[in-house]
>>> print(open('input-v3.csv').read())   # CSV, C-alpha atoms
chain,number,residue,atom,x,y,z
A,1,MET,CA,-141.3,-36.8,-193.0
A,2,PRO,CA,-138.9,-35.1,-190.6
A,3,GLU,CA,-141.4,-35.4,-187.8
A,4,ASN,CA,-141.6,-39.1,-188.1
A,5,LYS,CA,-137.9,-39.6,-188.4
A,6,SER,CA,-137.2,-37.7,-185.2
A,7,SER,CA,-139.7,-39.7,-183.2
A,8,MET,CA,-138.1,-42.8,-184.5
A,9,HIS,CA,-134.8,-41.4,-183.3
A,10,GLU,CA,-136.2,-40.9,-179.8
A,11,PHE,CA,-137.1,-44.5,-179.7
A,12,THR,CA,-134.0,-46.1,-181.2
A,13,LYS,CA,-131.3,-44.0,-179.5
A,14,GLY,CA,-131.9,-45.7,-176.2
A,15,LEU,CA,-131.5,-49.2,-177.7
A,16,ILE,CA,-127.9,-49.1,-178.7
A,17,LYS,CA,-126.4,-45.7,-179.3
A,18,GLU,CA,-127.2,-44.3,-175.9
A,19,ASN,CA,-127.8,-47.6,-174.1
A,20,PRO,CA,-128.2,-46.6,-170.5
A,21,THR,CA,-126.2,-49.4,-169.0
A,22,LEU,CA,-123.4,-50.0,-171.4
A,23,VAL,CA,-122.8,-46.5,-172.8
A,24,THR,CA,-123.9,-44.0,-170.3
A,25,LEU,CA,-123.3,-46.4,-167.3
A,26,LEU,CA,-126.4,-45.7,-165.4
A,27,GLY,CA,-128.4,-48.2,-163.3
A,28,MET,CA,-125.5,-50.3,-162.5
A,29,CYS,CA,-126.9,-51.8,-159.2
A,30,PRO,CA,-129.8,-53.8,-160.7
A,31,THR,CA,-127.6,-54.7,-163.7
A,32,LEU,CA,-125.2,-56.4,-161.4
A,33,ALA,CA,-127.6,-57.8,-158.8
A,34,VAL,CA,-130.5,-59.5,-160.6
A,35,THR,CA,-128.7,-60.9,-163.6
A,36,THR,CA,-127.9,-64.3,-162.3
A,37,MET,CA,-130.5,-65.7,-164.7
A,38,ALA,CA,-131.6,-64.4,-168.1
A,39,VAL,CA,-135.3,-64.5,-167.0
A,40,ASN,CA,-134.7,-62.3,-164.0
A,41,GLY,CA,-132.9,-59.8,-166.3
A,42,ILE,CA,-135.8,-59.6,-168.6
A,43,GLY,CA,-138.3,-59.3,-165.7
A,44,MET,CA,-136.3,-56.5,-164.1
A,45,GLY,CA,-135.9,-54.8,-167.4
A,46,LEU,CA,-139.5,-54.9,-168.3
A,47,ALA,CA,-140.6,-53.7,-164.8
A,48,THR,CA,-138.2,-50.8,-165.1
A,49,THR,CA,-139.5,-50.0,-168.6
A,50,PHE,CA,-143.0,-50.0,-167.3
A,51,VAL,CA,-142.1,-47.5,-164.5
A,52,LEU,CA,-140.0,-45.4,-166.9
A,53,VAL,CA,-142.7,-45.1,-169.5
A,54,CYS,CA,-145.5,-44.3,-166.9
A,55,SER,CA,-143.4,-41.8,-165.1
A,56,ASN,CA,-142.3,-40.2,-168.3
A,57,ILE,CA,-146.0,-39.8,-169.3
A,58,VAL,CA,-147.0,-38.3,-166.0
A,59,ILE,CA,-144.0,-36.0,-165.7
A,60,SER,CA,-144.3,-34.8,-169.3
A,61,LEU,CA,-148.0,-34.0,-168.7
A,62,LEU,CA,-147.3,-32.2,-165.4
A,63,LYS,CA,-144.2,-30.4,-166.5
A,64,ASN,CA,-145.8,-27.0,-166.3
A,65,VAL,CA,-147.5,-27.7,-163.0
A,66,ILE,CA,-144.5,-28.9,-161.0
A,67,PRO,CA,-142.6,-25.9,-159.5
A,68,LYS,CA,-138.9,-26.0,-160.5
A,69,ALA,CA,-137.6,-25.8,-156.9
A,70,VAL,CA,-139.3,-28.9,-155.7
A,71,ARG,CA,-139.2,-31.0,-158.8
A,72,LEU,CA,-136.9,-33.7,-157.4
A,73,PRO,CA,-139.2,-34.8,-154.6
A,74,CYS,CA,-142.2,-34.6,-157.0
A,75,PHE,CA,-140.5,-36.8,-159.5
A,76,ILE,CA,-139.4,-39.3,-156.9
A,77,VAL,CA,-142.9,-39.6,-155.5
A,78,ILE,CA,-144.4,-40.1,-159.0
A,79,ILE,CA,-141.8,-42.8,-159.6
A,80,ALA,CA,-142.3,-44.5,-156.3
A,81,GLY,CA,-146.0,-44.6,-156.9
A,82,PHE,CA,-145.5,-46.6,-160.1
A,83,VAL,CA,-142.9,-48.8,-158.4
A,84,THR,CA,-145.5,-49.7,-155.8
A,85,LEU,CA,-148.0,-50.5,-158.6
A,86,ILE,CA,-145.6,-52.8,-160.5
A,87,SER,CA,-144.6,-54.6,-157.3
A,88,PHE,CA,-148.3,-55.4,-156.7
A,89,ILE,CA,-148.7,-56.6,-160.2
A,90,LEU,CA,-145.7,-58.8,-159.9
A,91,GLN,CA,-146.6,-60.1,-156.5
A,92,GLY,CA,-150.1,-61.0,-157.8
A,93,TYR,CA,-149.3,-62.6,-161.2
A,94,PHE,CA,-145.6,-63.5,-161.1
A,95,PRO,CA,-144.8,-64.5,-157.5
A,96,ALA,CA,-141.6,-66.3,-158.5
A,97,LEU,CA,-140.2,-63.3,-160.2
A,98,TYR,CA,-141.3,-61.1,-157.3
A,99,SER,CA,-139.3,-63.1,-154.8
A,100,ALA,CA,-136.3,-63.4,-157.2
A,101,LEU,CA,-136.0,-59.6,-157.6
A,102,GLY,CA,-136.6,-59.0,-153.9
A,103,ILE,CA,-135.5,-55.7,-152.6
A,104,PHE,CA,-134.3,-54.5,-156.0
A,105,LEU,CA,-137.9,-54.1,-157.1
A,106,SER,CA,-138.4,-51.3,-154.5
A,107,LEU,CA,-135.1,-50.0,-155.5
A,108,ILE,CA,-136.3,-49.2,-159.0
A,109,THR,CA,-137.4,-46.0,-157.3
A,110,VAL,CA,-133.8,-44.8,-157.0
A,111,ASN,CA,-132.6,-46.2,-160.4
A,112,CYS,CA,-130.8,-43.3,-161.8
A,113,ILE,CA,-132.0,-44.1,-165.4
A,114,ILE,CA,-135.5,-43.2,-164.5
A,115,LEU,CA,-134.7,-40.0,-162.6
A,116,GLY,CA,-132.2,-39.1,-165.3
A,117,ARG,CA,-134.8,-39.4,-168.1
A,118,ALA,CA,-137.4,-37.5,-166.1
A,119,GLU,CA,-135.0,-34.7,-165.6
A,120,ALA,CA,-133.2,-34.7,-168.9
A,121,PHE,CA,-136.1,-35.5,-171.2
A,122,ALA,CA,-139.7,-35.9,-169.9
A,123,SER,CA,-139.7,-32.6,-168.1
A,124,LYS,CA,-138.7,-30.8,-171.2
A,125,ASN,CA,-140.6,-32.6,-174.0
A,126,LYS,CA,-144.1,-33.3,-175.2
A,127,LEU,CA,-146.0,-36.4,-174.5
A,128,LEU,CA,-145.3,-38.6,-177.5
A,129,PRO,CA,-141.5,-38.2,-177.6
A,130,SER,CA,-141.4,-38.8,-173.9
A,131,ILE,CA,-143.2,-42.1,-174.3
A,132,LEU,CA,-140.9,-43.2,-177.1
A,133,ASP,CA,-137.9,-42.1,-175.2
A,134,GLY,CA,-139.0,-44.1,-172.1
A,135,LEU,CA,-139.8,-47.1,-174.2
A,136,GLY,CA,-136.5,-47.0,-176.0
A,137,MET,CA,-134.4,-46.4,-172.9
A,138,GLY,CA,-136.3,-49.1,-171.0
A,139,LEU,CA,-135.9,-51.7,-173.8
A,140,GLY,CA,-132.2,-50.8,-174.1
A,141,PHE,CA,-131.8,-51.5,-170.4
A,142,THR,CA,-133.8,-54.7,-170.8
A,143,LEU,CA,-131.5,-55.7,-173.7
A,144,SER,CA,-128.3,-55.3,-171.8
A,145,LEU,CA,-129.8,-57.0,-168.7
A,146,PHE,CA,-130.8,-59.9,-171.0
A,147,VAL,CA,-127.3,-60.2,-172.5
A,148,MET,CA,-125.7,-60.0,-169.1
A,149,GLY,CA,-128.1,-62.5,-167.6
A,150,SER,CA,-127.7,-64.9,-170.5
A,151,LEU,CA,-123.9,-64.9,-170.2
A,152,ARG,CA,-124.0,-65.5,-166.5
A,153,GLU,CA,-126.6,-68.1,-166.6
A,154,ILE,CA,-125.0,-70.1,-169.4
A,155,PHE,CA,-121.5,-70.2,-167.8
A,156,GLY,CA,-122.6,-70.1,-164.2
A,157,SER,CA,-125.4,-72.7,-164.1
A,158,GLY,CA,-125.1,-74.3,-167.5
A,159,SER,CA,-128.6,-73.5,-168.6
A,160,TRP,CA,-130.3,-70.8,-170.7
A,161,LEU,CA,-133.9,-69.7,-170.0
A,162,GLY,CA,-134.4,-73.0,-168.3
A,163,PHE,CA,-132.9,-75.2,-171.0
A,164,LYS,CA,-129.9,-77.3,-170.1
A,165,ILE,CA,-126.7,-76.8,-172.1
A,166,PRO,CA,-125.0,-80.1,-172.6
A,167,VAL,CA,-121.3,-79.7,-171.9
A,168,ILE,CA,-121.4,-76.7,-169.4
A,169,SER,CA,-124.2,-78.0,-167.2
A,170,SER,CA,-122.0,-80.8,-165.9
A,171,ASN,CA,-119.2,-78.4,-164.9
A,172,PRO,CA,-120.7,-75.0,-164.4
A,173,VAL,CA,-118.3,-72.2,-163.5
A,174,LEU,CA,-120.0,-71.2,-160.3
A,175,ILE,CA,-118.1,-67.9,-160.0
A,176,PHE,CA,-120.2,-66.4,-162.8
A,177,ILE,CA,-123.4,-66.4,-160.7
A,178,MET,CA,-121.5,-65.0,-157.6
A,179,PRO,CA,-121.1,-61.3,-157.0
A,180,ALA,CA,-117.5,-61.3,-158.3
A,181,GLY,CA,-118.7,-62.8,-161.6
A,182,GLY,CA,-121.2,-60.0,-162.0
A,183,PHE,CA,-118.5,-57.3,-161.9
A,184,PHE,CA,-116.3,-59.3,-164.2
A,185,VAL,CA,-118.9,-60.0,-166.9
A,186,LEU,CA,-120.1,-56.4,-166.9
A,187,GLY,CA,-116.5,-55.2,-167.3
A,188,CYS,CA,-115.9,-57.5,-170.2
A,189,ILE,CA,-119.2,-56.6,-171.9
A,190,ILE,CA,-118.4,-52.9,-171.7
A,191,ALA,CA,-114.9,-53.5,-173.0
A,192,MET,CA,-116.4,-55.5,-175.9
A,193,VAL,CA,-118.9,-52.7,-176.7
A,194,ASN,CA,-115.9,-50.3,-176.7
A,195,LYS,CA,-114.0,-52.6,-179.1
A,196,ILE,CA,-116.9,-53.1,-181.5
A,197,ALA,CA,-117.9,-49.5,-181.5
A,198,ASN,CA,-114.3,-48.7,-182.0
A,199,ARG,CA,-114.6,-45.7,-179.8
A,200,LYS,CA,-112.5,-44.3,-177.1
A,201,PRO,CA,-113.1,-45.8,-173.7
A,202,PRO,CA,-115.8,-44.0,-171.8
A,203,ALA,CA,-114.6,-41.4,-169.4
A,204,GLU,CA,-114.3,-42.5,-165.9
A,205,ILE,CA,-117.6,-42.7,-164.1
A,206,SER,CA,-117.8,-39.7,-162.0
A,207,CYS,CA,-120.2,-37.2,-160.9
A,208,SER,CA,-119.3,-34.9,-163.7
A,209,ASN,CA,-120.9,-37.0,-166.4
A,210,CYS,CA,-123.9,-38.0,-164.3
A,211,PRO,CA,-127.1,-36.6,-165.8
A,212,ASN,CA,-128.4,-36.0,-162.4
A,213,ALA,CA,-125.6,-33.6,-161.5
A,214,GLU,CA,-127.7,-30.6,-162.3
A,215,MET,CA,-130.5,-32.0,-160.2
A,216,CYS,CA,-128.6,-32.7,-157.1
A,217,GLY,CA,-128.1,-29.0,-156.9
A,218,GLN,CA,-124.5,-28.7,-158.0
A,219,THR,CA,-122.7,-27.6,-161.0
A,220,LYS,CA,-120.5,-29.9,-162.9
A,221,GLU,CA,-117.5,-28.0,-161.6
A,222,ASP,CA,-118.6,-28.8,-158.1
A,223,CYS,CA,-118.5,-32.5,-158.9
A,224,THR,CA,-115.2,-32.6,-160.7
A,225,ARG,CA,-113.5,-30.4,-158.2
A,226,GLU,CA,-113.5,-33.3,-155.7
A,227,ASP,CA,-112.0,-35.7,-158.2
A,228,LYS,CA,-108.8,-33.7,-158.5
B,1,MET,CA,-124.4,-60.8,-128.9
B,2,LYS,CA,-127.1,-60.6,-131.6
B,3,LEU,CA,-126.1,-56.9,-132.1
B,4,ILE,CA,-122.4,-57.9,-132.7
B,5,ILE,CA,-123.4,-60.5,-135.1
B,6,ILE,CA,-125.6,-58.1,-137.0
B,7,LEU,CA,-122.7,-55.6,-137.1
B,8,ILE,CA,-120.1,-58.1,-138.4
B,9,THR,CA,-122.5,-59.6,-140.9
B,10,ALA,CA,-123.3,-56.2,-142.3
B,11,VAL,CA,-119.6,-55.1,-142.6
B,12,PHE,CA,-118.0,-58.3,-143.8
B,13,VAL,CA,-120.3,-61.1,-144.7
B,14,ASN,CA,-123.0,-59.2,-146.6
B,15,ASN,CA,-121.0,-56.3,-147.6
B,16,ILE,CA,-123.5,-53.9,-149.2
B,17,VAL,CA,-121.4,-52.9,-152.1
B,18,LEU,CA,-119.4,-56.0,-152.9
B,19,SER,CA,-122.0,-58.7,-152.3
B,20,GLN,CA,-125.3,-57.0,-152.4
B,21,PHE,CA,-124.6,-54.6,-155.3
B,22,MET,CA,-126.1,-51.5,-153.8
B,23,GLY,CA,-124.5,-48.1,-154.1
B,24,ILE,CA,-122.4,-49.1,-157.1
B,25,CYS,CA,-122.4,-45.7,-158.7
B,26,PRO,CA,-120.7,-43.9,-155.8
B,27,PHE,CA,-118.5,-46.9,-155.3
B,28,LEU,CA,-117.1,-46.5,-158.8
B,29,GLY,CA,-117.4,-42.8,-159.0
B,30,VAL,CA,-116.0,-41.5,-155.8
B,31,SER,CA,-113.4,-44.1,-155.0
B,32,LYS,CA,-110.7,-42.5,-157.0
B,33,GLN,CA,-109.0,-41.0,-154.0
B,34,LEU,CA,-108.7,-41.9,-150.4
B,35,LYS,CA,-109.8,-38.5,-149.2
B,36,SER,CA,-113.0,-38.4,-151.1
B,37,SER,CA,-113.7,-42.1,-150.2
B,38,VAL,CA,-113.5,-41.3,-146.5
B,39,GLY,CA,-115.7,-38.2,-147.0
B,40,MET,CA,-118.4,-40.0,-148.9
B,41,GLY,CA,-118.3,-42.9,-146.5
B,42,GLY,CA,-118.7,-40.6,-143.5
B,43,ALA,CA,-121.7,-38.9,-145.2
B,44,VAL,CA,-123.3,-42.3,-145.9
B,45,ILE,CA,-122.8,-43.6,-142.4
B,46,PHE,CA,-124.4,-40.4,-141.0
B,47,VAL,CA,-127.3,-40.4,-143.4
B,48,MET,CA,-128.0,-44.1,-143.1
B,49,VAL,CA,-128.1,-44.1,-139.3
B,50,CYS,CA,-130.3,-41.0,-139.2
B,51,ALA,CA,-132.6,-42.2,-142.0
B,52,THR,CA,-133.1,-45.5,-140.2
B,53,ALA,CA,-134.0,-43.6,-137.0
B,54,CYS,CA,-136.5,-41.6,-139.0
B,55,THR,CA,-138.0,-44.3,-141.2
B,56,TYR,CA,-138.5,-46.8,-138.3
B,57,PRO,CA,-141.2,-44.8,-136.6
B,58,VAL,CA,-142.7,-43.8,-140.0
B,59,TYR,CA,-143.2,-47.5,-140.7
B,60,LYS,CA,-144.8,-48.0,-137.4
B,61,LEU,CA,-147.3,-45.2,-138.3
B,62,LEU,CA,-148.0,-46.8,-141.6
B,63,GLU,CA,-148.6,-50.1,-139.9
B,64,LEU,CA,-151.0,-48.5,-137.5
B,65,ALA,CA,-152.9,-47.0,-140.5
B,66,LYS,CA,-152.7,-50.4,-142.3
B,67,VAL,CA,-151.1,-48.9,-145.3
B,68,GLU,CA,-147.8,-50.8,-145.3
B,69,TYR,CA,-147.7,-50.8,-149.1
B,70,LEU,CA,-146.9,-47.1,-149.0
B,71,GLN,CA,-143.5,-48.0,-147.6
B,72,THR,CA,-141.4,-47.2,-150.7
B,73,VAL,CA,-143.1,-43.8,-151.3
B,74,ALA,CA,-142.9,-42.8,-147.7
B,75,PHE,CA,-139.3,-43.9,-147.1
B,76,ILE,CA,-137.9,-42.2,-150.2
B,77,LEU,CA,-139.7,-39.0,-149.3
B,78,VAL,CA,-138.4,-39.1,-145.7
B,79,ILE,CA,-134.9,-39.7,-147.0
B,80,ALA,CA,-135.1,-36.9,-149.6
B,81,LEU,CA,-136.4,-34.5,-147.0
B,82,PHE,CA,-133.9,-35.6,-144.4
B,83,VAL,CA,-131.0,-35.1,-146.7
B,84,GLN,CA,-132.1,-31.6,-147.6
B,85,LEU,CA,-132.6,-30.8,-143.9
B,86,VAL,CA,-129.2,-32.1,-142.9
B,87,GLU,CA,-127.6,-30.0,-145.7
B,88,ILE,CA,-129.3,-26.8,-144.4
B,89,VAL,CA,-128.6,-27.5,-140.8
B,90,LEU,CA,-125.0,-28.4,-141.3
B,91,LYS,CA,-124.4,-25.4,-143.5
B,92,LYS,CA,-125.7,-23.1,-140.7
B,93,THR,CA,-124.3,-24.7,-137.6
B,94,MET,CA,-121.2,-26.7,-138.5
B,95,PRO,CA,-119.5,-25.2,-141.5
B,96,PRO,CA,-116.3,-27.3,-141.2
B,97,LEU,CA,-118.3,-30.6,-141.3
B,98,TYR,CA,-120.5,-29.2,-144.1
B,99,LYS,CA,-117.4,-28.5,-146.0
B,100,ALA,CA,-116.2,-32.0,-145.6
B,101,LEU,CA,-119.4,-33.8,-146.3
B,102,GLY,CA,-121.5,-31.3,-148.2
B,103,VAL,CA,-120.6,-32.2,-151.7
B,104,TYR,CA,-121.7,-35.8,-151.1
B,105,LEU,CA,-125.0,-35.2,-149.4
B,106,PRO,CA,-127.2,-34.5,-152.5
B,107,LEU,CA,-125.8,-37.6,-154.1
B,108,ILE,CA,-127.0,-39.7,-151.3
B,109,THR,CA,-130.7,-39.2,-152.0
B,110,THR,CA,-130.5,-41.3,-155.0
B,111,ASN,CA,-128.1,-43.8,-153.5
B,112,CYS,CA,-129.9,-47.1,-153.5
B,113,ALA,CA,-127.9,-48.2,-150.4
B,114,VAL,CA,-129.7,-45.9,-148.1
B,115,LEU,CA,-133.2,-46.8,-149.3
B,116,GLY,CA,-132.0,-50.4,-149.4
B,117,VAL,CA,-130.9,-50.5,-145.8
B,118,THR,CA,-134.1,-49.0,-144.5
B,119,ILE,CA,-136.2,-51.5,-146.4
B,120,SER,CA,-134.1,-54.5,-145.5
B,121,ASN,CA,-134.4,-53.5,-141.8
B,122,ILE,CA,-138.2,-53.8,-142.1
B,123,ASP,CA,-138.0,-57.0,-144.2
B,124,ASN,CA,-135.8,-58.6,-141.5
B,125,SER,CA,-138.2,-57.3,-138.8
B,126,TYR,CA,-135.3,-55.9,-136.8
B,127,THR,CA,-136.1,-53.9,-133.6
B,128,PHE,CA,-135.2,-50.3,-133.4
B,129,VAL,CA,-131.8,-50.8,-131.8
B,130,GLN,CA,-131.0,-53.7,-134.2
B,131,SER,CA,-132.0,-51.5,-137.1
B,132,ILE,CA,-129.7,-48.7,-136.0
B,133,VAL,CA,-126.8,-51.2,-135.6
B,134,ASN,CA,-127.5,-52.7,-139.0
B,135,ALA,CA,-127.5,-49.2,-140.5
B,136,LEU,CA,-124.2,-48.4,-138.8
B,137,GLY,CA,-122.7,-51.6,-140.0
B,138,THR,CA,-123.9,-51.1,-143.5
B,139,GLY,CA,-122.4,-47.6,-143.6
B,140,LEU,CA,-119.1,-48.9,-142.3
B,141,ALA,CA,-119.2,-51.6,-144.9
B,142,PHE,CA,-119.7,-49.0,-147.6
B,143,THR,CA,-116.8,-46.9,-146.3
B,144,LEU,CA,-114.6,-50.0,-146.0
B,145,ALA,CA,-115.3,-51.0,-149.6
B,146,LEU,CA,-114.7,-47.5,-150.8
B,147,VAL,CA,-111.4,-47.1,-148.9
B,148,LEU,CA,-110.1,-50.5,-149.9
B,149,PHE,CA,-111.0,-49.9,-153.5
B,150,SER,CA,-109.4,-46.4,-153.6
B,151,GLY,CA,-106.1,-48.2,-152.9
B,152,VAL,CA,-106.7,-50.6,-155.7
B,153,ARG,CA,-107.6,-47.8,-158.1
B,154,ALA,CA,-104.4,-46.0,-157.3
B,155,ARG,CA,-102.5,-49.1,-158.5
B,156,ILE,CA,-104.7,-49.4,-161.7
B,157,ALA,CA,-103.8,-45.9,-162.6
B,158,ASP,CA,-100.2,-46.8,-162.8
B,159,SER,CA,-100.7,-50.1,-164.7
B,160,ASP,CA,-100.4,-50.8,-168.3
B,161,ILE,CA,-103.9,-51.9,-169.4
B,162,PRO,CA,-105.0,-53.0,-172.8
B,163,GLU,CA,-106.6,-50.2,-174.7
B,164,THR,CA,-110.2,-51.6,-174.8
B,165,PHE,CA,-110.1,-52.2,-171.0
B,166,LYS,CA,-109.0,-48.8,-170.1
B,167,GLY,CA,-111.3,-46.9,-167.7
B,168,VAL,CA,-114.5,-48.4,-166.5
B,169,PRO,CA,-113.9,-52.1,-167.7
B,170,ALA,CA,-110.6,-52.3,-165.8
B,171,THR,CA,-112.3,-50.8,-162.8
B,172,LEU,CA,-115.0,-53.4,-162.9
B,173,VAL,CA,-112.7,-56.3,-163.3
B,174,ALA,CA,-110.7,-55.0,-160.3
B,175,ALA,CA,-113.9,-54.7,-158.3
B,176,SER,CA,-114.6,-58.3,-159.1
B,177,ILE,CA,-111.3,-59.3,-157.6
B,178,VAL,CA,-112.0,-57.3,-154.5
B,179,SER,CA,-115.4,-58.8,-154.2
B,180,LEU,CA,-113.8,-62.3,-154.6
B,181,SER,CA,-111.8,-61.6,-151.5
B,182,PHE,CA,-114.9,-60.7,-149.5
B,183,MET,CA,-116.4,-64.1,-150.4
B,184,GLY,CA,-113.9,-65.5,-148.0
B,185,PHE,CA,-116.1,-64.1,-145.2
B,186,GLY,CA,-119.1,-66.1,-146.4
B,187,GLY,CA,-120.0,-68.8,-143.9
B,188,LEU,CA,-118.5,-67.0,-141.0
B,189,PHE,CA,-121.9,-67.4,-139.2
B,190,SER,CA,-123.9,-70.4,-140.3
>>> encode(input="input-v3.csv", output="structure tokens")
Amino acid sequence: MPENKSSMHEFTKGLIKENPTLVTLLGMCPTLAVTTMAVNGIGMGLATTFVLVCSNIVISLLKNVIPKAVRLPCFIVIIAGFVTLISFILQGYFPALYSALGIFLSLITVNCIILGRAEAFASKNKLLPSILDGLGMGLGFTLSLFVMGSLREIFGSGSWLGFKIPVISSNPVLIFIMPAGGFFVLGCIIAMVNKIANRKPPAEISCSNCPNAEMCGQTKEDCTREDK
Amino acid sequence: MKLIIILITAVFVNNIVLSQFMGICPFLGVSKQLKSSVGMGGAVIFVMVCATACTYPVYKLLELAKVEYLQTVAFILVIALFVQLVEIVLKKTMPPLYKALGVYLPLITTNCAVLGVTISNIDNSYTFVQSIVNALGTGLAFTLALVLFSGVRARIADSDIPETFKGVPATLVAASIVSLSFMGFGGLFS
């Protein structure tokens, strides 16, 4: 069944092969900021997944209604609407997580993964693939936040998901939960992924491989020109 | 005095990029060269200050209508509109400035630092003047981080780095060291 196989592919590609954080290097800000604890990583990941799936659904349904010229503001308003929704849900039911994520909850609005998927996928595809794509990308994002959060929590505070780890908890390496540790751990994880996947190091992050390049109204040449 | 404290806190103690993790994408993407770092920094300072000046009255309006929860939607819309407007106005009236900043303007809409600073101004219940100063400080902090880091990147480019760490990983590890140096400012005001 080729149909089935391809929808499976929409779902799984985001998990590992096109993992938004570790491979396409999108959404770096929340990845670095909220991962001092594994739980926060999961919470942020799931909140983003929720927004991503919902906005993918709406944008995929409205793709013929939204005029091309003003699609960016339209997408952003749709996304911001769902972000407001999820922050109400978290504030009501998970107040601890709500205060831990803080400002980064509102900043899901400008997470380039969501806008990137809206532009690159949902606005061009049917409903079902868009849902699967959103789900896969969101869970891939959650997965990498979880790995990152686990590492930082284990070494930085000597616990994991609230459980104490014997040896490390008496001498936690505080630097891991500080901003500097965030950069360091992410760098190492990306290096490790490169090693395992045995592929060439990803090209430098620059505007030219940003999926939003087209959206921000410039051609890829415009972006790379400044790099030179 | 309060204003000076806000300014210094924003630039050094709570550096937006290195200790608050906002605007990482442009920090890693545009900091390859000093020239583009300064250009991007200038554009961010400009947009941040003006966006704050726009969003502050908007929030007051929302407060009057008792719909503060629309903050995120309203702010991002204002920022997106503002950036477009600035682009058009600069193009028509000040071509040299547009040439210098133009490339970076569209990128700024989705820069979380701009939305972040407008929201944190409200969260900290700053007055209008304090908000503007905070926005200015944050913009300067962003520029400082970019300019400093472009120097570091120039050194990385000439270094012999293990194969797996080439590119982004090495950049991130270097960012970690730069961030470490900014930790020294912590506790400046306590």
>>> atom_distance(input="input-v3.csv", atom1="CA of Ile89 (chain A)", atom2="CA of Ile122 (chain B)")
21.1 Å
>>> residues_around(input="input-v3.csv", residues="region 56-65 of chain B", least_positions_apart="5", cutoff="12 Å", atoms="all atoms listed in the file", output="ChimeraX atom specification")
/B:48-51,70-79,117-123,125-132,135
>>> closest_atom_pairs(input="input-v3.csv", of="region 156-184 of chain A", to="region 18-37 of chain A", cutoff="10 Å", atoms="all atoms listed in the file", output="tab-separated table")
residue	atom	partner	partner_atom	distance
A:Gly156	CA	A:Thr36	CA	8.1
A:Ser157	CA	A:Met37	CA	8.7
A:Ser159	CA	A:Met37	CA	8.9
A:Trp160	CA	A:Met37	CA	7.9
A:Leu161	CA	A:Met37	CA	7.5
A:Gly162	CA	A:Met37	CA	9.0
A:Phe176	CA	A:Thr36	CA	8.0
A:Ile177	CA	A:Thr36	CA	5.2
A:Met178	CA	A:Thr36	CA	8.0
A:Pro179	CA	A:Ala33	CA	7.6
A:Ala180	CA	A:Leu32	CA	9.6
A:Gly181	CA	A:Leu32	CA	9.1
A:Gly182	CA	A:Leu32	CA	5.4
A:Phe183	CA	A:Leu32	CA	6.8
A:Phe184	CA	A:Leu32	CA	9.8
>>> residues_around(input="input-v3.csv", residues="Ala96 (chain A)", least_positions_apart="5", cutoff="12 Å", atoms="all atoms listed in the file", output="count of residues only")
7
>>> closest_atom_pairs(input="input-v3.csv", of="chain B", to="chain A", cutoff="7 Å", atoms="all atoms listed in the file", output="Markdown table")
| residue | atom | partner | partner_atom | distance |
| --- | --- | --- | --- | --- |
| B:Leu18 | CA | A:Pro179 | CA | 6.9 |
| B:Ser19 | CA | A:Pro179 | CA | 5.4 |
| B:Gln20 | CA | A:Ala33 | CA | 6.8 |
| B:Phe21 | CA | A:Cys29 | CA | 5.3 |
| B:Met22 | CA | A:Cys29 | CA | 5.5 |
| B:Gly23 | CA | A:Cys29 | CA | 6.7 |
| B:Ile24 | CA | A:Cys29 | CA | 5.7 |
| B:Cys25 | CA | A:Met28 | CA | 6.7 |
| B:Leu28 | CA | A:Ile205 | CA | 6.5 |
| B:Gly29 | CA | A:Ser206 | CA | 4.3 |
| B:Val30 | CA | A:Ser206 | CA | 6.7 |
| B:Ser36 | CA | A:Glu226 | CA | 6.9 |
| B:Thr72 | CA | A:Ala80 | CA | 6.3 |
| B:Val73 | CA | A:Ala80 | CA | 5.1 |
| B:Leu77 | CA | A:Pro73 | CA | 6.8 |
| B:Ala80 | CA | A:Pro73 | CA | 6.8 |
| B:Pro106 | CA | A:Cys216 | CA | 5.1 |
| B:Leu107 | CA | A:Cys216 | CA | 6.4 |
| B:Thr110 | CA | A:Val110 | CA | 5.2 |
| B:Asn111 | CA | A:Val110 | CA | 6.8 |
| B:Cys112 | CA | A:Val110 | CA | 5.7 |
| B:Gly116 | CA | A:Leu107 | CA | 6.9 |
| B:Thr164 | CA | A:Ala191 | CA | 5.4 |
| B:Phe165 | CA | A:Ala191 | CA | 5.4 |
| B:Lys166 | CA | A:Pro201 | CA | 6.2 |
| B:Gly167 | CA | A:Glu204 | CA | 5.6 |
| B:Val168 | CA | A:Glu204 | CA | 5.9 |
| B:Pro169 | CA | A:Gly187 | CA | 4.1 |
| B:Ala170 | CA | A:Gly187 | CA | 6.7 |
| B:Leu172 | CA | A:Gly187 | CA | 5.0 |
| B:Val173 | CA | A:Phe184 | CA | 4.8 |
| B:Ala175 | CA | A:Phe183 | CA | 6.4 |
| B:Ser176 | CA | A:Ala180 | CA | 4.2 |
| B:Ile177 | CA | A:Ala180 | CA | 6.6 |
| B:Ser179 | CA | A:Ala180 | CA | 5.2 |
| B:Leu180 | CA | A:Ala180 | CA | 5.3 |
>>> closest_residue(input="input-v3.csv", among="A:Phe146, A:Leu128, A:Ala122, A:Gly138", to="Leu62 (chain A)", atoms="only C-alpha atoms")
A:Ala122
>>> atom_distance(input="input-v3.csv", atom1="CA of Leu61 (chain A)", atom2="CA of Met137 (chain A)")
18.9 Å
>>> atom_distance(input="input-v3.csv", atom1="CA of Ile59 (chain A)", atom2="CA of Val114 (chain B)")
24.7 Å
>>> residues_around(input="input-v3.csv", residues="Ile5 (chain B)", least_positions_apart="2", cutoff="12 Å", atoms="all atoms listed in the file", output="list in words")
Met1, Lys2, Leu3, Leu7, Ile8, Thr9, Ala10, Val11, Phe12, Val13, Asn14, Gln130, Val133, Asn134, Gly137, Leu188, Phe189 and Ser190 of chain B
